[in-house]
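What follows is upload.pdb (PDB, N, CA and C atoms).
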ATOM      1  N   MET M   1       7.035  15.661  -1.987
ATOM      2  CA  MET M   1       5.841  15.144  -2.619
ATOM      3  C   MET M   1       4.581  15.677  -1.952
ATOM      4  N   GLY M   2       4.711  16.376  -0.858
ATOM      5  CA  GLY M   2       3.546  16.885  -0.139
ATOM      6  C   GLY M   2       2.973  15.837   0.792
ATOM      7  N   GLU M   3       2.023  16.276   1.599
ATOM      8  CA  GLU M   3       1.420  15.360   2.566
ATOM      9  C   GLU M   3       0.798  14.164   1.849
ATOM     10  N   GLN M   4       1.032  13.009   2.395
ATOM     11  CA  GLN M   4       0.576  11.758   1.803
ATOM     12  C   GLN M   4      -0.745  11.311   2.431
ATOM     13  N   PRO M   5      -1.497  10.456   1.736
ATOM     14  CA  PRO M   5      -2.735   9.914   2.304
ATOM     15  C   PRO M   5      -2.510   9.243   3.658
ATOM     16  N   LEU M   6      -1.315   8.731   3.894
ATOM     17  CA  LEU M   6      -0.986   8.123   5.183
ATOM     18  C   LEU M   6      -1.267   9.089   6.328
ATOM     19  N   ALA M   7      -0.902  10.347   6.175
ATOM     20  CA  ALA M   7      -1.090  11.332   7.228
ATOM     21  C   ALA M   7      -2.575  11.499   7.553
ATOM     22  N   GLY M   8      -3.410  11.568   6.532
ATOM     23  CA  GLY M   8      -4.846  11.698   6.752
ATOM     24  C   GLY M   8      -5.440  10.460   7.413
ATOM     25  N   LEU M   9      -4.978   9.294   6.997
ATOM     26  CA  LEU M   9      -5.468   8.056   7.591
ATOM     27  C   LEU M   9      -5.050   7.945   9.057
ATOM     28  N   MET M  10      -3.847   8.401   9.363
ATOM     29  CA  MET M  10      -3.395   8.374  10.756
ATOM     30  C   MET M  10      -4.259   9.305  11.605
ATOM     31  N   ARG M  11      -4.570  10.495  11.085
ATOM     32  CA  ARG M  11      -5.446  11.421  11.820
ATOM     33  C   ARG M  11      -6.840  10.818  12.004
ATOM     34  N   GLU M  12      -7.349  10.191  10.956
ATOM     35  CA  GLU M  12      -8.679   9.576  10.992
ATOM     36  C   GLU M  12      -8.791   8.519  12.083
ATOM     37  N   HIS M  13      -7.734   7.721  12.245
ATOM     38  CA  HIS M  13      -7.717   6.664  13.251
ATOM     39  C   HIS M  13      -7.216   7.159  14.607
ATOM     40  N   GLY M  14      -6.737   8.392  14.670
ATOM     41  CA  GLY M  14      -6.212   8.932  15.922
ATOM     42  C   GLY M  14      -4.849   8.374  16.286
ATOM     43  N   PHE M  15      -4.076   7.978  15.275
ATOM     44  CA  PHE M  15      -2.752   7.406  15.503
ATOM     45  C   PHE M  15      -1.680   8.483  15.537
ATOM     46  N   SER M  16      -0.690   8.251  16.377
ATOM     47  CA  SER M  16       0.530   9.055  16.349
ATOM     48  C   SER M  16       1.611   8.206  15.692
ATOM     49  N   ASN M  17       2.759   8.812  15.461
ATOM     50  CA  ASN M  17       3.879   8.046  14.899
ATOM     51  C   ASN M  17       4.208   6.860  15.804
ATOM     52  N   HIS M  18       4.128   7.088  17.099
ATOM     53  CA  HIS M  18       4.475   6.039  18.053
ATOM     54  C   HIS M  18       3.558   4.826  17.929
ATOM     55  N   ASP M  19       2.289   5.050  17.634
ATOM     56  CA  ASP M  19       1.358   3.927  17.496
ATOM     57  C   ASP M  19       1.783   2.985  16.374
ATOM     58  N   LEU M  20       2.247   3.542  15.259
ATOM     59  CA  LEU M  20       2.707   2.697  14.161
ATOM     60  C   LEU M  20       4.023   2.011  14.499
ATOM     61  N   VAL M  21       4.909   2.733  15.172
ATOM     62  CA  VAL M  21       6.188   2.130  15.576
ATOM     63  C   VAL M  21       5.935   0.964  16.532
ATOM     64  N   ALA M  22       5.013   1.145  17.463
ATOM     65  CA  ALA M  22       4.706   0.091  18.435
ATOM     66  C   ALA M  22       4.053  -1.120  17.767
ATOM     67  N   ALA M  23       3.297  -0.891  16.696
ATOM     68  CA  ALA M  23       2.595  -1.988  16.017
ATOM     69  C   ALA M  23       3.501  -2.756  15.056
ATOM     70  N   ALA M  24       4.634  -2.188  14.705
ATOM     71  CA  ALA M  24       5.511  -2.795  13.697
ATOM     72  C   ALA M  24       6.118  -4.102  14.197
ATOM     73  N   ALA M  25       6.149  -5.078  13.307
ATOM     74  CA  ALA M  25       6.762  -6.368  13.640
ATOM     75  C   ALA M  25       8.274  -6.305  13.444
ATOM     76  N   ARG M  26       8.706  -5.471  12.494
ATOM     77  CA  ARG M  26      10.137  -5.299  12.221
ATOM     78  C   ARG M  26      10.543  -3.901  12.684
ATOM     79  N   PRO M  27      11.830  -3.665  12.909
ATOM     80  CA  PRO M  27      12.283  -2.361  13.396
ATOM     81  C   PRO M  27      11.839  -1.213  12.488
ATOM     82  N   LEU M  28      11.262  -0.204  13.113
ATOM     83  CA  LEU M  28      10.735   0.963  12.419
ATOM     84  C   LEU M  28      10.959   2.156  13.330
ATOM     85  N   THR M  29      11.320   3.294  12.768
ATOM     86  CA  THR M  29      11.608   4.463  13.591
ATOM     87  C   THR M  29      10.515   5.522  13.446
ATOM     88  N   HIS M  30      10.431   6.372  14.471
ATOM     89  CA  HIS M  30       9.495   7.490  14.442
ATOM     90  C   HIS M  30       9.837   8.428  13.278
ATOM     91  N   LYS M  31      11.124   8.595  13.030
ATOM     92  CA  LYS M  31      11.573   9.480  11.958
ATOM     93  C   LYS M  31      11.098   8.972  10.595
ATOM     94  N   LEU M  32      11.122   7.682  10.389
ATOM     95  CA  LEU M  32      10.678   7.112   9.121
ATOM     96  C   LEU M  32       9.182   7.369   8.914
ATOM     97  N   ILE M  33       8.386   7.189   9.954
ATOM     98  CA  ILE M  33       6.945   7.448   9.852
ATOM     99  C   ILE M  33       6.704   8.923   9.554
ATOM    100  N   SER M  34       7.431   9.786  10.212
ATOM    101  CA  SER M  34       7.298  11.223   9.987
ATOM    102  C   SER M  34       7.645  11.587   8.542
ATOM    103  N   ARG M  35       8.733  11.040   8.041
ATOM    104  CA  ARG M  35       9.145  11.304   6.661
ATOM    105  C   ARG M  35       8.115  10.766   5.677
ATOM    106  N   ALA M  36       7.536   9.605   5.969
ATOM    107  CA  ALA M  36       6.530   9.006   5.085
ATOM    108  C   ALA M  36       5.284   9.880   5.009
ATOM    109  N   ALA M  37       4.830  10.384   6.140
ATOM    110  CA  ALA M  37       3.619  11.200   6.174
ATOM    111  C   ALA M  37       3.821  12.545   5.482
ATOM    112  N   LYS M  38       5.023  13.099   5.577
ATOM    113  CA  LYS M  38       5.317  14.395   4.964
ATOM    114  C   LYS M  38       5.538  14.305   3.459
ATOM    115  N   GLY M  39       5.755  13.101   2.959
ATOM    116  CA  GLY M  39       5.917  12.938   1.524
ATOM    117  C   GLY M  39       7.345  12.876   1.043
ATOM    118  N   ARG M  40       8.280  12.631   1.942
ATOM    119  CA  ARG M  40       9.665  12.443   1.508
ATOM    120  C   ARG M  40       9.763  11.120   0.782
ATOM    121  N   ARG M  41      10.600  11.049  -0.233
ATOM    122  CA  ARG M  41      10.766   9.798  -0.987
ATOM    123  C   ARG M  41      11.357   8.724  -0.091
ATOM    124  N   LEU M  42      10.737   7.557  -0.125
ATOM    125  CA  LEU M  42      11.215   6.410   0.637
ATOM    126  C   LEU M  42      11.577   5.283  -0.314
ATOM    127  N   THR M  43      12.433   4.413   0.157
ATOM    128  CA  THR M  43      12.750   3.222  -0.626
ATOM    129  C   THR M  43      11.541   2.288  -0.594
ATOM    130  N   ALA M  44      11.520   1.353  -1.505
ATOM    131  CA  ALA M  44      10.423   0.384  -1.551
ATOM    132  C   ALA M  44      10.348  -0.402  -0.247
ATOM    133  N   ASN M  45      11.497  -0.765   0.302
ATOM    134  CA  ASN M  45      11.514  -1.507   1.560
ATOM    135  C   ASN M  45      10.920  -0.668   2.692
ATOM    136  N   SER M  46      11.256   0.609   2.760
ATOM    137  CA  SER M  46      10.729   1.477   3.811
ATOM    138  C   SER M  46       9.224   1.641   3.685
ATOM    139  N   LYS M  47       8.740   1.794   2.458
ATOM    140  CA  LYS M  47       7.297   1.917   2.254
ATOM    141  C   LYS M  47       6.589   0.635   2.681
ATOM    142  N   ASN M  48       7.194  -0.506   2.422
ATOM    143  CA  ASN M  48       6.592  -1.770   2.850
ATOM    144  C   ASN M  48       6.576  -1.909   4.369
ATOM    145  N   LEU M  49       7.600  -1.416   5.046
ATOM    146  CA  LEU M  49       7.615  -1.431   6.508
ATOM    147  C   LEU M  49       6.463  -0.600   7.062
ATOM    148  N   VAL M  50       6.257   0.576   6.485
ATOM    149  CA  VAL M  50       5.175   1.456   6.923
ATOM    150  C   VAL M  50       3.825   0.788   6.660
ATOM    151  N   LEU M  51       3.670   0.192   5.496
ATOM    152  CA  LEU M  51       2.427  -0.499   5.151
ATOM    153  C   LEU M  51       2.132  -1.629   6.136
ATOM    154  N   GLU M  52       3.127  -2.447   6.428
ATOM    155  CA  GLU M  52       2.935  -3.552   7.370
ATOM    156  C   GLU M  52       2.531  -3.043   8.748
ATOM    157  N   ALA M  53       3.173  -1.983   9.213
ATOM    158  CA  ALA M  53       2.843  -1.413  10.522
ATOM    159  C   ALA M  53       1.419  -0.863  10.529
ATOM    160  N   TYR M  54       1.027  -0.204   9.446
ATOM    161  CA  TYR M  54      -0.328   0.351   9.348
ATOM    162  C   TYR M  54      -1.372  -0.771   9.390
ATOM    163  N   ILE M  55      -1.125  -1.838   8.655
ATOM    164  CA  ILE M  55      -2.058  -2.967   8.624
ATOM    165  C   ILE M  55      -2.176  -3.600  10.014
ATOM    166  N   ARG M  56      -1.050  -3.778  10.696
ATOM    167  CA  ARG M  56      -1.074  -4.359  12.042
ATOM    168  C   ARG M  56      -1.782  -3.442  13.028
ATOM    169  N   ALA M  57      -1.599  -2.134  12.892
ATOM    170  CA  ALA M  57      -2.207  -1.183  13.824
ATOM    171  C   ALA M  57      -3.724  -1.087  13.632
ATOM    172  N   THR M  58      -4.185  -1.145  12.381
ATOM    173  CA  THR M  58      -5.610  -0.967  12.110
ATOM    174  C   THR M  58      -6.372  -2.279  12.044
ATOM    175  N   GLY M  59      -5.697  -3.348  11.670
ATOM    176  CA  GLY M  59      -6.373  -4.619  11.481
ATOM    177  C   GLY M  59      -7.157  -4.666  10.181
ATOM    178  N   GLN M  60      -6.923  -3.682   9.310
ATOM    179  CA  GLN M  60      -7.601  -3.613   8.015
ATOM    180  C   GLN M  60      -6.580  -3.853   6.917
ATOM    181  N   SER M  61      -7.054  -4.318   5.773
ATOM    182  CA  SER M  61      -6.137  -4.487   4.651
ATOM    183  C   SER M  61      -5.926  -3.136   3.975
ATOM    184  N   ALA M  62      -4.763  -2.950   3.406
ATOM    185  CA  ALA M  62      -4.420  -1.713   2.707
ATOM    186  C   ALA M  62      -3.332  -2.036   1.691
ATOM    187  N   THR M  63      -3.170  -1.138   0.727
ATOM    188  CA  THR M  63      -2.113  -1.285  -0.276
ATOM    189  C   THR M  63      -1.238  -0.047  -0.242
ATOM    190  N   LEU M  64      -0.116  -0.125  -0.925
ATOM    191  CA  LEU M  64       0.784   1.036  -0.982
ATOM    192  C   LEU M  64       0.091   2.245  -1.594
ATOM    193  N   THR M  65      -0.796   2.033  -2.562
ATOM    194  CA  THR M  65      -1.489   3.168  -3.196
ATOM    195  C   THR M  65      -2.498   3.814  -2.244
ATOM    196  N   ASP M  66      -2.920   3.110  -1.195
ATOM    197  CA  ASP M  66      -3.797   3.703  -0.188
ATOM    198  C   ASP M  66      -3.027   4.664   0.707
ATOM    199  N   LEU M  67      -1.725   4.424   0.873
ATOM    200  CA  LEU M  67      -0.920   5.223   1.805
ATOM    201  C   LEU M  67      -0.050   6.269   1.116
ATOM    202  N   PHE M  68       0.339   6.001  -0.117
ATOM    203  CA  PHE M  68       1.277   6.879  -0.815
ATOM    204  C   PHE M  68       0.734   7.232  -2.200
ATOM    205  N   ASN M  69       0.944   8.473  -2.625
ATOM    206  CA  ASN M  69       0.477   8.872  -3.955
ATOM    207  C   ASN M  69       1.626   9.111  -4.936
ATOM    208  N   TYR M  70       2.760   8.539  -4.672
ATOM    209  CA  TYR M  70       3.879   8.624  -5.621
ATOM    210  C   TYR M  70       4.440   7.255  -5.885
TER     211      TYR M  70
END
Write-out of the structure in structure tokens:
Amino acid sequence: MGEQPLAGLMREHGFSNHDLVAAAARPLTHKLISRAAKGRRLTANSKNLVLEAYIRATGQSATLTDLFNY
């Protein structure tokens, strides 16, 4: 699917994959964050895990359409 908006937002905030993994309340892997940013298809549950971690890391509200364009 190509690079996702998530990748740009992570660069904007200066986040690495590890920052999102550390912020996650539920188990999340570095590989999943990497796949999400590169645009690999994720399950709905995986996309929600990434969204929750992003919200916890930034303290801002966001939706799936803010992070993913598919």
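Of the listed residues (M:Ser16, M:Leu9, M:Ala24, M:Met1), M:Ala24 comes nearest to Ala57 (chain M); the distances count all atoms listed in the file.
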* Give me the result of the PyMOL selection byres ((chain M and resi 25) around 8) on this file, residue by residue, as a ChimeraX atom specification. => /M:20-24,26-28,49,52-53,56
Shell around Thr63 (chain M) at 8 Å using all atoms listed in the file, local window under 4 positions removed, as a PDB file with N, CA and C atoms, keeping the file's coordinate frame:
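As written to disk, selection-v5.pdb reads:
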ATOM      1  N   LEU M  51       3.670   0.192   5.496  1.00  0.00           N
ATOM      2  CA  LEU M  51       2.427  -0.499   5.151  1.00  0.00           C
ATOM      3  C   LEU M  51       2.132  -1.629   6.136  1.00  0.00           C
ATOM      4  N   LEU M  67      -1.725   4.424   0.873  1.00  0.00           N
ATOM      5  CA  LEU M  67      -0.920   5.223   1.805  1.00  0.00           C
ATOM      6  C   LEU M  67      -0.050   6.269   1.116  1.00  0.00           C
ATOM      7  N   PHE M  68       0.339   6.001  -0.117  1.00  0.00           N
ATOM      8  CA  PHE M  68       1.277   6.879  -0.815  1.00  0.00           C
ATOM      9  C   PHE M  68       0.734   7.232  -2.200  1.00  0.00           C
TER      10      PHE M  68
END
* Mind telling me what the PyMOL selection byres (((chain M and resi 38-43 and name CA) around 9) and name CA) catches here, as an MDAnalysis selection string? -> chainID M and resid 1:4 6:7 32:37 44:48 68:70
* alpha helix (DSSP H) residues, from DSSP on the backbone, in region 18-62 of chain M, as a PyMOL selection string -> chain M and resi 18-23+30-38+44-58
* Asked: Out of M:Asn17, M:Gln60, M:Thr65, M:Thr29, which residue has the shortest atom-to-atom distance to Pro5 (chain M) when counting all atoms listed in the file?
  -> M:Thr65
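Between atom C of His30 (chain M) and atom C of Gly59 (chain M) the separation is 21.7 Å.
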